[in-house]
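What follows is the content of model.pdb, which has PDB, C-alpha atoms, pLDDT in the B column:
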```
ATOM      1  CA  MET W   1      -9.373 -36.302  26.130  1.00 35.00           C
ATOM      2  CA  LYS W   2      -8.113 -34.006  23.413  1.00 41.00           C
ATOM      3  CA  GLN W   3      -6.499 -30.859  24.734  1.00 41.00           C
ATOM      4  CA  PRO W   4      -7.731 -27.534  23.353  1.00 41.00           C
ATOM      5  CA  THR W   5      -5.451 -25.762  20.917  1.00 57.00           C
ATOM      6  CA  SER W   6      -3.285 -23.192  22.671  1.00 89.00           C
ATOM      7  CA  ALA W   7      -3.518 -19.535  21.736  1.00 92.00           C
ATOM      8  CA  ALA W   8       0.041 -19.507  20.392  1.00 92.00           C
ATOM      9  CA  SER W   9      -0.617 -22.603  18.265  1.00 93.00           C
ATOM     10  CA  ARG W  10      -3.741 -21.029  16.825  1.00 94.00           C
ATOM     11  CA  ILE W  11      -1.845 -17.862  15.918  1.00 95.00           C
ATOM     12  CA  MET W  12       0.949 -19.963  14.419  1.00 95.00           C
ATOM     13  CA  MET W  13      -1.394 -21.898  12.141  1.00 95.00           C
ATOM     14  CA  GLU W  14      -3.433 -18.858  11.091  1.00 95.00           C
ATOM     15  CA  MET W  15      -0.374 -16.758  10.308  1.00 95.00           C
ATOM     16  CA  PHE W  16       1.284 -19.649   8.492  1.00 96.00           C
ATOM     17  CA  TRP W  17      -1.890 -20.090   6.426  1.00 95.00           C
ATOM     18  CA  HIS W  18      -2.121 -16.384   5.527  1.00 95.00           C
ATOM     19  CA  GLN W  19       1.564 -15.843   4.891  1.00 96.00           C
ATOM     20  CA  GLY W  20       1.811 -19.190   3.136  1.00 95.00           C
ATOM     21  CA  SER W  21      -0.870 -18.073   0.687  1.00 95.00           C
ATOM     22  CA  TRP W  22       1.184 -14.950  -0.015  1.00 96.00           C
ATOM     23  CA  ALA W  23       4.241 -17.149  -0.502  1.00 96.00           C
ATOM     24  CA  ILE W  24       2.401 -19.337  -3.020  1.00 95.00           C
ATOM     25  CA  GLY W  25       1.394 -16.252  -4.997  1.00 95.00           C
ATOM     26  CA  TYR W  26       4.953 -14.970  -4.876  1.00 95.00           C
ATOM     27  CA  LEU W  27       6.373 -18.315  -6.064  1.00 94.00           C
ATOM     28  CA  VAL W  28       3.871 -18.493  -8.922  1.00 93.00           C
ATOM     29  CA  ILE W  29       4.795 -14.976 -10.064  1.00 92.00           C
ATOM     30  CA  VAL W  30       8.539 -15.736  -9.943  1.00 90.00           C
ATOM     31  CA  LEU W  31       7.968 -19.027 -11.752  1.00 88.00           C
ATOM     32  CA  LEU W  32       5.995 -17.330 -14.535  1.00 87.00           C
ATOM     33  CA  LEU W  33       8.636 -14.616 -14.878  1.00 83.00           C
ATOM     34  CA  ASN W  34      11.325 -17.285 -15.029  1.00 77.00           C
ATOM     35  CA  LEU W  35       9.443 -19.097 -17.771  1.00 78.00           C
ATOM     36  CA  VAL W  36       8.948 -15.890 -19.778  1.00 76.00           C
ATOM     37  CA  LEU W  37      12.569 -14.808 -19.363  1.00 69.00           C
ATOM     38  CA  GLY W  38      13.720 -18.328 -20.179  1.00 62.00           C
ATOM     39  CA  ILE W  39      11.839 -18.242 -23.468  1.00 54.00           C
ATOM     40  CA  ALA W  40      13.129 -14.748 -24.241  1.00 50.00           C
ATOM     41  CA  GLY W  41      16.624 -15.813 -23.210  1.00 51.00           C
ATOM     42  CA  SER W  42      16.719 -18.434 -25.949  1.00 47.00           C
ATOM     43  CA  SER W  43      17.347 -15.624 -28.426  1.00 41.00           C
ATOM     44  CA  SER W  44      19.035 -13.067 -26.166  1.00 41.00           C
ATOM     45  CA  ASN W  45      21.227 -12.690 -23.094  1.00 42.00           C
ATOM     46  CA  ILE W  46      18.444 -12.238 -20.574  1.00 42.00           C
ATOM     47  CA  GLY W  47      16.968 -14.914 -18.374  1.00 48.00           C
ATOM     48  CA  GLN W  48      20.296 -16.564 -17.649  1.00 57.00           C
ATOM     49  CA  ASP W  49      19.697 -17.195 -13.942  1.00 71.00           C
ATOM     50  CA  ASP W  50      17.993 -20.445 -13.019  1.00 81.00           C
ATOM     51  CA  PHE W  51      14.814 -20.582 -10.921  1.00 87.00           C
ATOM     52  CA  PHE W  52      16.601 -21.621  -7.735  1.00 89.00           C
ATOM     53  CA  SER W  53      19.128 -18.779  -7.895  1.00 86.00           C
ATOM     54  CA  ILE W  54      16.386 -16.218  -8.473  1.00 88.00           C
ATOM     55  CA  ILE W  55      14.302 -17.567  -5.601  1.00 91.00           C
ATOM     56  CA  TYR W  56      17.334 -17.811  -3.293  1.00 90.00           C
ATOM     57  CA  ARG W  57      18.016 -14.099  -3.690  1.00 87.00           C
ATOM     58  CA  SER W  58      14.549 -12.586  -4.031  1.00 90.00           C
ATOM     59  CA  THR W  59      12.880 -14.511  -1.185  1.00 94.00           C
ATOM     60  CA  LYS W  60      15.014 -12.604   1.304  1.00 92.00           C
ATOM     61  CA  GLY W  61      13.277  -9.378   0.326  1.00 92.00           C
ATOM     62  CA  PHE W  62       9.890 -11.084   0.409  1.00 95.00           C
ATOM     63  CA  MET W  63      10.466 -12.389   3.947  1.00 96.00           C
ATOM     64  CA  LEU W  64      11.761  -9.000   5.079  1.00 95.00           C
ATOM     65  CA  VAL W  65       8.554  -7.345   3.877  1.00 94.00           C
ATOM     66  CA  ILE W  66       6.128  -9.808   5.448  1.00 95.00           C
ATOM     67  CA  GLY W  67       8.157  -9.627   8.668  1.00 95.00           C
ATOM     68  CA  ILE W  68       7.503  -5.879   8.716  1.00 93.00           C
ATOM     69  CA  ILE W  69       3.819  -6.468   7.983  1.00 91.00           C
ATOM     70  CA  SER W  70       3.520  -8.923  10.886  1.00 89.00           C
ATOM     71  CA  SER W  71       4.606  -6.258  13.358  1.00 87.00           C
ATOM     72  CA  PHE W  72       1.807  -3.930  12.309  1.00 84.00           C
ATOM     73  CA  GLY W  73      -1.303  -5.683  11.021  1.00 84.00           C
ATOM     74  CA  PHE W  74      -1.083  -9.045  12.785  1.00 92.00           C
ATOM     75  CA  LEU W  75       0.018  -7.760  16.195  1.00 90.00           C
ATOM     76  CA  SER W  76      -2.791  -5.225  16.416  1.00 89.00           C
ATOM     77  CA  PHE W  77      -5.359  -7.706  15.144  1.00 91.00           C
ATOM     78  CA  TYR W  78      -4.579 -10.488  17.602  1.00 92.00           C
ATOM     79  CA  VAL W  79      -4.154  -8.317  20.691  1.00 90.00           C
ATOM     80  CA  ARG W  80      -7.428  -6.515  19.971  1.00 89.00           C
ATOM     81  CA  HIS W  81      -9.100  -9.935  19.789  1.00 89.00           C
ATOM     82  CA  GLY W  82      -7.974 -10.965  23.250  1.00 89.00           C
ATOM     83  CA  PHE W  83      -4.641 -12.679  22.630  1.00 92.00           C
ATOM     84  CA  THR W  84      -1.658 -11.693  24.734  1.00 92.00           C
ATOM     85  CA  ARG W  85       1.481 -10.150  23.328  1.00 93.00           C
ATOM     86  CA  ARG W  86       3.347 -13.226  24.516  1.00 93.00           C
ATOM     87  CA  ASP W  87       0.980 -15.522  22.595  1.00 94.00           C
ATOM     88  CA  PHE W  88       1.492 -13.435  19.482  1.00 94.00           C
ATOM     89  CA  PHE W  89       5.272 -13.491  19.853  1.00 95.00           C
ATOM     90  CA  LYS W  90       5.375 -17.279  20.170  1.00 95.00           C
ATOM     91  CA  GLY W  91       2.857 -17.898  17.395  1.00 95.00           C
ATOM     92  CA  ALA W  92       4.438 -15.464  14.933  1.00 95.00           C
ATOM     93  CA  ALA W  93       7.954 -16.798  15.557  1.00 96.00           C
ATOM     94  CA  LEU W  94       6.811 -20.385  14.969  1.00 96.00           C
ATOM     95  CA  ALA W  95       4.800 -19.417  11.873  1.00 96.00           C
ATOM     96  CA  ALA W  96       7.885 -17.746  10.400  1.00 96.00           C
ATOM     97  CA  LEU W  97       9.929 -20.855  11.195  1.00 97.00           C
ATOM     98  CA  LEU W  98       7.394 -23.099   9.452  1.00 97.00           C
ATOM     99  CA  LEU W  99       7.408 -20.813   6.423  1.00 97.00           C
ATOM    100  CA  SER W 100      11.215 -20.845   6.327  1.00 96.00           C
ATOM    101  CA  ILE W 101      11.151 -24.649   6.345  1.00 96.00           C
ATOM    102  CA  ALA W 102       8.378 -24.876   3.746  1.00 96.00           C
ATOM    103  CA  PHE W 103      10.176 -22.683   1.215  1.00 96.00           C
ATOM    104  CA  PRO W 104      13.187 -25.020   0.727  1.00 95.00           C
ATOM    105  CA  LEU W 105      10.923 -28.095   0.725  1.00 95.00           C
ATOM    106  CA  VAL W 106       8.932 -26.622  -2.159  1.00 95.00           C
ATOM    107  CA  VAL W 107      11.627 -24.755  -4.073  1.00 93.00           C
ATOM    108  CA  GLY W 108      14.064 -27.691  -4.206  1.00 91.00           C
ATOM    109  CA  PRO W 109      11.730 -30.165  -5.976  1.00 92.00           C
ATOM    110  CA  VAL W 110      10.322 -27.441  -8.256  1.00 90.00           C
ATOM    111  CA  SER W 111      13.849 -26.469  -9.316  1.00 89.00           C
ATOM    112  CA  LEU W 112      14.712 -30.092 -10.108  1.00 88.00           C
ATOM    113  CA  LEU W 113      11.468 -30.503 -12.055  1.00 87.00           C
ATOM    114  CA  LEU W 114      12.133 -27.392 -14.125  1.00 83.00           C
ATOM    115  CA  SER W 115      15.632 -28.638 -14.838  1.00 81.00           C
ATOM    116  CA  ALA W 116      14.289 -32.043 -15.915  1.00 83.00           C
ATOM    117  CA  MET W 117      11.904 -30.225 -18.271  1.00 80.00           C
ATOM    118  CA  ASN W 118      14.839 -28.180 -19.673  1.00 75.00           C
ATOM    119  CA  VAL W 119      13.127 -24.995 -18.528  1.00 73.00           C
ATOM    120  CA  SER W 120      15.873 -24.046 -16.056  1.00 73.00           C
ATOM    121  CA  ASP W 121      19.543 -25.054 -16.141  1.00 74.00           C
ATOM    122  CA  ILE W 122      20.171 -26.174 -12.569  1.00 80.00           C
ATOM    123  CA  GLY W 123      23.556 -27.575 -13.561  1.00 75.00           C
ATOM    124  CA  ASN W 124      24.885 -24.053 -14.080  1.00 79.00           C
ATOM    125  CA  SER W 125      23.127 -22.541 -11.059  1.00 81.00           C
ATOM    126  CA  PRO W 126      25.339 -19.769  -9.602  1.00 81.00           C
ATOM    127  CA  VAL W 127      24.034 -20.496  -6.092  1.00 83.00           C
ATOM    128  CA  LEU W 128      24.594 -24.244  -6.300  1.00 83.00           C
ATOM    129  CA  GLN W 129      28.092 -23.655  -7.640  1.00 82.00           C
ATOM    130  CA  VAL W 130      28.883 -21.646  -4.513  1.00 78.00           C
ATOM    131  CA  PHE W 131      27.785 -24.639  -2.429  1.00 80.00           C
ATOM    132  CA  GLU W 132      29.592 -27.077  -4.755  1.00 81.00           C
ATOM    133  CA  HIS W 133      26.226 -28.511  -5.843  1.00 82.00           C
ATOM    134  CA  ASN W 134      25.466 -29.698  -2.323  1.00 86.00           C
ATOM    135  CA  TRP W 135      21.655 -29.470  -2.305  1.00 88.00           C
ATOM    136  CA  PHE W 136      21.301 -30.073   1.414  1.00 88.00           C
ATOM    137  CA  LEU W 137      23.701 -27.280   2.326  1.00 87.00           C
ATOM    138  CA  ALA W 138      22.192 -24.879  -0.214  1.00 88.00           C
ATOM    139  CA  LEU W 139      18.630 -25.487   0.988  1.00 92.00           C
ATOM    140  CA  ALA W 140      19.676 -25.323   4.646  1.00 90.00           C
ATOM    141  CA  SER W 141      21.420 -22.010   4.047  1.00 89.00           C
ATOM    142  CA  PHE W 142      18.343 -20.791   2.163  1.00 92.00           C
ATOM    143  CA  GLY W 143      15.992 -21.627   5.032  1.00 94.00           C
ATOM    144  CA  ILE W 144      18.276 -20.132   7.680  1.00 93.00           C
ATOM    145  CA  GLN W 145      18.831 -16.897   5.796  1.00 91.00           C
ATOM    146  CA  ILE W 146      15.182 -16.235   4.957  1.00 94.00           C
ATOM    147  CA  TYR W 147      14.217 -16.855   8.587  1.00 96.00           C
ATOM    148  CA  VAL W 148      16.780 -14.280   9.691  1.00 95.00           C
ATOM    149  CA  TYR W 149      15.436 -11.829   7.114  1.00 95.00           C
ATOM    150  CA  TYR W 150      11.918 -12.339   8.444  1.00 97.00           C
ATOM    151  CA  LEU W 151      13.141 -11.650  11.983  1.00 96.00           C
ATOM    152  CA  MET W 152      14.962  -8.538  10.829  1.00 95.00           C
ATOM    153  CA  GLY W 153      11.819  -7.254   9.120  1.00 95.00           C
ATOM    154  CA  TRP W 154       9.791  -8.038  12.234  1.00 95.00           C
ATOM    155  CA  MET W 155      12.356  -6.233  14.403  1.00 95.00           C
ATOM    156  CA  ILE W 156      12.403  -3.175  12.139  1.00 95.00           C
ATOM    157  CA  GLY W 157       8.617  -3.025  12.037  1.00 93.00           C
ATOM    158  CA  SER W 158       8.403  -3.442  15.816  1.00 93.00           C
ATOM    159  CA  GLY W 159      10.916  -0.636  16.300  1.00 92.00           C
ATOM    160  CA  PHE W 160       8.845   1.745  14.205  1.00 92.00           C
ATOM    161  CA  TYR W 161       5.615   0.484  15.799  1.00 89.00           C
ATOM    162  CA  ARG W 162       6.832   1.221  19.329  1.00 89.00           C
ATOM    163  CA  HIS W 163       9.064   4.246  18.813  1.00 85.00           C
ATOM    164  CA  ASP W 164       9.227   7.330  16.629  1.00 80.00           C
ATOM    165  CA  TRP W 165      10.738   7.161  13.173  1.00 80.00           C
ATOM    166  CA  ILE W 166      14.146   8.449  14.310  1.00 86.00           C
ATOM    167  CA  ARG W 167      14.650   5.593  16.769  1.00 84.00           C
ATOM    168  CA  GLY W 168      13.070   3.276  14.217  1.00 83.00           C
ATOM    169  CA  LEU W 169      15.943   4.039  11.869  1.00 91.00           C
ATOM    170  CA  GLY W 170      18.293   2.711  14.534  1.00 91.00           C
ATOM    171  CA  PHE W 171      16.721  -0.734  14.201  1.00 91.00           C
ATOM    172  CA  ILE W 172      17.329  -0.637  10.461  1.00 92.00           C
ATOM    173  CA  ALA W 173      21.008  -0.086  11.253  1.00 93.00           C
ATOM    174  CA  ILE W 174      20.981  -3.002  13.717  1.00 93.00           C
ATOM    175  CA  ALA W 175      19.346  -5.236  11.097  1.00 93.00           C
ATOM    176  CA  ILE W 176      21.971  -4.308   8.482  1.00 90.00           C
ATOM    177  CA  VAL W 177      24.789  -5.194  10.882  1.00 90.00           C
ATOM    178  CA  LEU W 178      23.225  -8.527  11.902  1.00 91.00           C
ATOM    179  CA  VAL W 179      22.484  -9.522   8.304  1.00 88.00           C
ATOM    180  CA  GLY W 180      26.003  -8.526   7.324  1.00 84.00           C
ATOM    181  CA  PHE W 181      27.493 -10.788   9.981  1.00 83.00           C
ATOM    182  CA  MET W 182      25.239 -13.629   8.903  1.00 83.00           C
ATOM    183  CA  ASP W 183      26.445 -13.230   5.344  1.00 79.00           C
ATOM    184  CA  ALA W 184      30.042 -13.249   6.528  1.00 77.00           C
ATOM    185  CA  LEU W 185      29.358 -16.533   8.329  1.00 78.00           C
ATOM    186  CA  TRP W 186      28.074 -18.097   5.110  1.00 74.00           C
ATOM    187  CA  GLN W 187      30.625 -16.297   2.882  1.00 63.00           C
ATOM    188  CA  PHE W 188      27.972 -15.394   0.343  1.00 54.00           C
ATOM    189  CA  GLU W 189      25.436 -12.986  -1.166  1.00 47.00           C
ATOM    190  CA  LEU W 190      25.688  -9.671   0.679  1.00 42.00           C
ATOM    191  CA  ALA W 191      29.297  -8.893  -0.182  1.00 45.00           C
ATOM    192  CA  SER W 192      27.939  -6.684  -2.967  1.00 41.00           C
ATOM    193  CA  LEU W 193      25.885  -4.718  -0.416  1.00 42.00           C
ATOM    194  CA  TRP W 194      28.785  -4.172   1.974  1.00 43.00           C
ATOM    195  CA  GLU W 195      31.131  -3.152  -0.836  1.00 46.00           C
ATOM    196  CA  ARG W 196      29.132   0.058  -1.277  1.00 46.00           C
ATOM    197  CA  TRP W 197      30.335   1.328   2.104  1.00 45.00           C
ATOM    198  CA  MET W 198      33.300  -0.826   3.090  1.00 42.00           C
ATOM    199  CA  PRO W 199      35.430  -3.703   1.788  1.00 47.00           C
ATOM    200  CA  ALA W 200      33.645  -7.033   1.728  1.00 47.00           C
ATOM    201  CA  PHE W 201      34.615  -9.446   4.466  1.00 47.00           C
ATOM    202  CA  THR W 202      34.119 -13.113   5.197  1.00 49.00           C
ATOM    203  CA  LEU W 203      34.868 -15.389   8.104  1.00 51.00           C
ATOM    204  CA  ASP W 204      36.605 -18.616   7.145  1.00 59.00           C
ATOM    205  CA  MET W 205      34.541 -20.885   9.381  1.00 65.00           C
ATOM    206  CA  PRO W 206      33.463 -24.544   9.270  1.00 70.00           C
ATOM    207  CA  LEU W 207      29.824 -25.424   8.748  1.00 74.00           C
ATOM    208  CA  TYR W 208      29.040 -26.047  12.417  1.00 77.00           C
ATOM    209  CA  ALA W 209      30.404 -22.600  13.302  1.00 79.00           C
ATOM    210  CA  SER W 210      28.275 -20.959  10.610  1.00 81.00           C
ATOM    211  CA  LEU W 211      25.207 -22.746  11.974  1.00 84.00           C
ATOM    212  CA  ALA W 212      26.044 -21.757  15.550  1.00 87.00           C
ATOM    213  CA  GLY W 213      26.662 -18.140  14.561  1.00 87.00           C
ATOM    214  CA  SER W 214      23.371 -18.005  12.663  1.00 90.00           C
ATOM    215  CA  ALA W 215      21.584 -19.408  15.721  1.00 92.00           C
ATOM    216  CA  VAL W 216      23.076 -16.655  17.866  1.00 93.00           C
ATOM    217  CA  ILE W 217      21.831 -14.019  15.414  1.00 94.00           C
ATOM    218  CA  MET W 218      18.354 -15.575  15.445  1.00 95.00           C
ATOM    219  CA  VAL W 219      18.229 -15.619  19.241  1.00 95.00           C
ATOM    220  CA  LEU W 220      19.436 -12.021  19.414  1.00 95.00           C
ATOM    221  CA  GLY W 221      16.778 -10.972  16.916  1.00 95.00           C
ATOM    222  CA  LEU W 222      14.044 -12.781  18.851  1.00 96.00           C
ATOM    223  CA  VAL W 223      15.179 -11.231  22.142  1.00 96.00           C
ATOM    224  CA  LEU W 224      15.079  -7.726  20.658  1.00 95.00           C
ATOM    225  CA  ILE W 225      11.638  -8.355  19.179  1.00 95.00           C
ATOM    226  CA  ARG W 226      10.325  -9.640  22.500  1.00 94.00           C
ATOM    227  CA  LEU W 227      11.681  -6.601  24.338  1.00 93.00           C
ATOM    228  CA  LEU W 228      10.073  -4.287  21.807  1.00 92.00           C
ATOM    229  CA  THR W 229       6.659  -5.949  21.829  1.00 91.00           C
ATOM    230  CA  ARG W 230       6.327  -7.128  25.443  1.00 90.00           C
ATOM    231  CA  LYS W 231       4.563  -3.991  26.705  1.00 85.00           C
ATOM    232  CA  VAL W 232       3.960  -2.100  23.483  1.00 86.00           C
ATOM    233  CA  THR W 233       0.826   0.046  23.225  1.00 84.00           C
ATOM    234  CA  ILE W 234      -1.502  -1.316  20.579  1.00 82.00           C
ATOM    235  CA  LYS W 235      -2.435   1.243  17.963  1.00 75.00           C
ATOM    236  CA  LEU W 236      -5.974   1.520  16.673  1.00 66.00           C
TER     237      LEU W 236
END
```

Could you render the structure from this file as structure tokens?
Amino acid sequence: MKQPTSAASRIMMEMFWHQGSWAIGYLVIVLLLNLVLGIAGSSSNIGQDDFFSIIYRSTKGFMLVIGIISSFGFLSFYVRHGFTRRDFFKGAALAALLLSIAFPLVVGPVSLLLSAMNVSDIGNSPVLQVFEHNWFLALASFGIQIYVYYLMGWMIGSGFYRHDWIRGLGFIAIAIVLVGFMDALWQFELASLWERWMPAFTLDMPLYASLAGSAVIMVLGLVLIRLLTRKVTIKL
């Protein structure tokens, strides 16, 4: 006998469907901009970044934003419709994980296709050069980092949802620190952000240590989110 779908699984699939549709729209917009800038770049200095490098950087902001949205619109919606806060936490976390896996699985082949069509120069990709053109490592790093950004957005949104704006700012500070440490683990990307306030730093660590450190940051983010949302009052 087929078991009924659990509440958390239902939330996971519905949120993945909704957020996935936003992701498709976002990817289409970035792709069109890349095509336009690529054409313009044939006679100027703009449009030099390849599709993968643009997506690698900009998707972090996209995931941060939808993570914030999930803590407001989705939480209130599901709890008002009879789902528990625990169900929402599990479903939303899994939906974000699925989305973070789907992005690399889509972006990788699209980047290769654009390169084959001479629309984007993947051979000179700044991001791939950092990873010594190791596609697996680059896509794995991409998926891990955007998942962390989603969690940080979710944590920030949950902090503002539960507390006043002053204490909410504290969760922004926590997110900046956690993201900074994640970047140090991967020795990439956010050095330019940290340089505005302090010298950039990296941790010379092997791959397994970077993966383990990223997992710790994810778990810490999930624990903080759970603590914030476990008994939160739902706003009308």

Using all atoms listed in the file, find the one residue out of W:Gly221, W:Gly61, W:Gly82, W:Gly67 that sits nearest to Ile234 in chain W. W:Gly82

Hits from the PyMOL selection byres ((chain W and resi 74) around 12), listed as a PyMOL selection string: chain W and resi 11-12+14-16+18-19+66-73+75-81+83+85+87-89+91-92+95+154+157-158+234-235

Apply the PyMOL selection byres ((chain W and resi 232) around 10) to the displayed file and report the matching residues as a PDB file with C-alpha atoms, keeping the file's coordinate frame.
```
ATOM      1  CA  ARG W  85       1.481 -10.150  23.328  1.00 93.00           C
ATOM      2  CA  SER W 158       8.403  -3.442  15.816  1.00 93.00           C
ATOM      3  CA  TYR W 161       5.615   0.484  15.799  1.00 89.00           C
ATOM      4  CA  ARG W 162       6.832   1.221  19.329  1.00 89.00           C
ATOM      5  CA  HIS W 163       9.064   4.246  18.813  1.00 85.00           C
ATOM      6  CA  ARG W 226      10.325  -9.640  22.500  1.00 94.00           C
ATOM      7  CA  LEU W 227      11.681  -6.601  24.338  1.00 93.00           C
ATOM      8  CA  LEU W 228      10.073  -4.287  21.807  1.00 92.00           C
ATOM      9  CA  THR W 229       6.659  -5.949  21.829  1.00 91.00           C
ATOM     10  CA  ARG W 230       6.327  -7.128  25.443  1.00 90.00           C
ATOM     11  CA  LYS W 231       4.563  -3.991  26.705  1.00 85.00           C
ATOM     12  CA  THR W 233       0.826   0.046  23.225  1.00 84.00           C
ATOM     13  CA  ILE W 234      -1.502  -1.316  20.579  1.00 82.00           C
ATOM     14  CA  LYS W 235      -2.435   1.243  17.963  1.00 75.00           C
TER      15      LYS W 235
END
```

Interatomic distance, CA of Ser115 in chain W to CA of Ser21 in chain W (Å, one decimal):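 CA of Ser21 in chain W lies at a distance of 25.0 Å from CA of Ser115 in chain W.
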
For each of W:Leu220, W:Met155, W:Leu105, W:Val119, take the minimum atom-to-atom distance to Phe51 in chain W, counting all atoms listed in the file, then give the residue where this is smallest.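 Looking at the shortest contact to Phe51 in chain W, the residue is W:Val119.
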
Would you translate the PyMOL selection byres ((chain W and resi 168-179) around 10) into the concrete set of residues it matches in this file, as a ChimeraX atom specification? /W:145,148-149,151-153,155-167,180-185,190,193-194,214,217-218,220-221,224

How many Å separate CA of Ala23 in chain W from CA of Phe136 in chain W?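 We find that CA of Ala23 in chain W and CA of Phe136 in chain W lie 21.5 Å from each other.
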
Which neighbours of Pro104 in chain W fall inside 12 Å, counting all atoms listed in the file, when residues of the same chain fewer than 5 positions from it are skipped, and could you give them as a PyMOL selection string? chain W and resi 23+27+52+55-56+59+97-99+109-111+135-147

Take CA of Ala8 in chain W and CA of Phe62 in chain W and report the distance between them in Å, one decimal.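 Spanning CA of Ala8 in chain W to CA of Phe62 in chain W is a straight-line distance of 23.8 Å.
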
Which centre and which edge lengths, in Å to one decimal, describe the axis-aligned box that holds all listed atoms of range 82-85 of chain W after 5 Å is added on each side, as JSON?
```
{"center_x": -3.2, "center_y": -11.4, "center_z": 23.7, "size_x": 19.5, "size_y": 12.5, "size_z": 12.1}
```
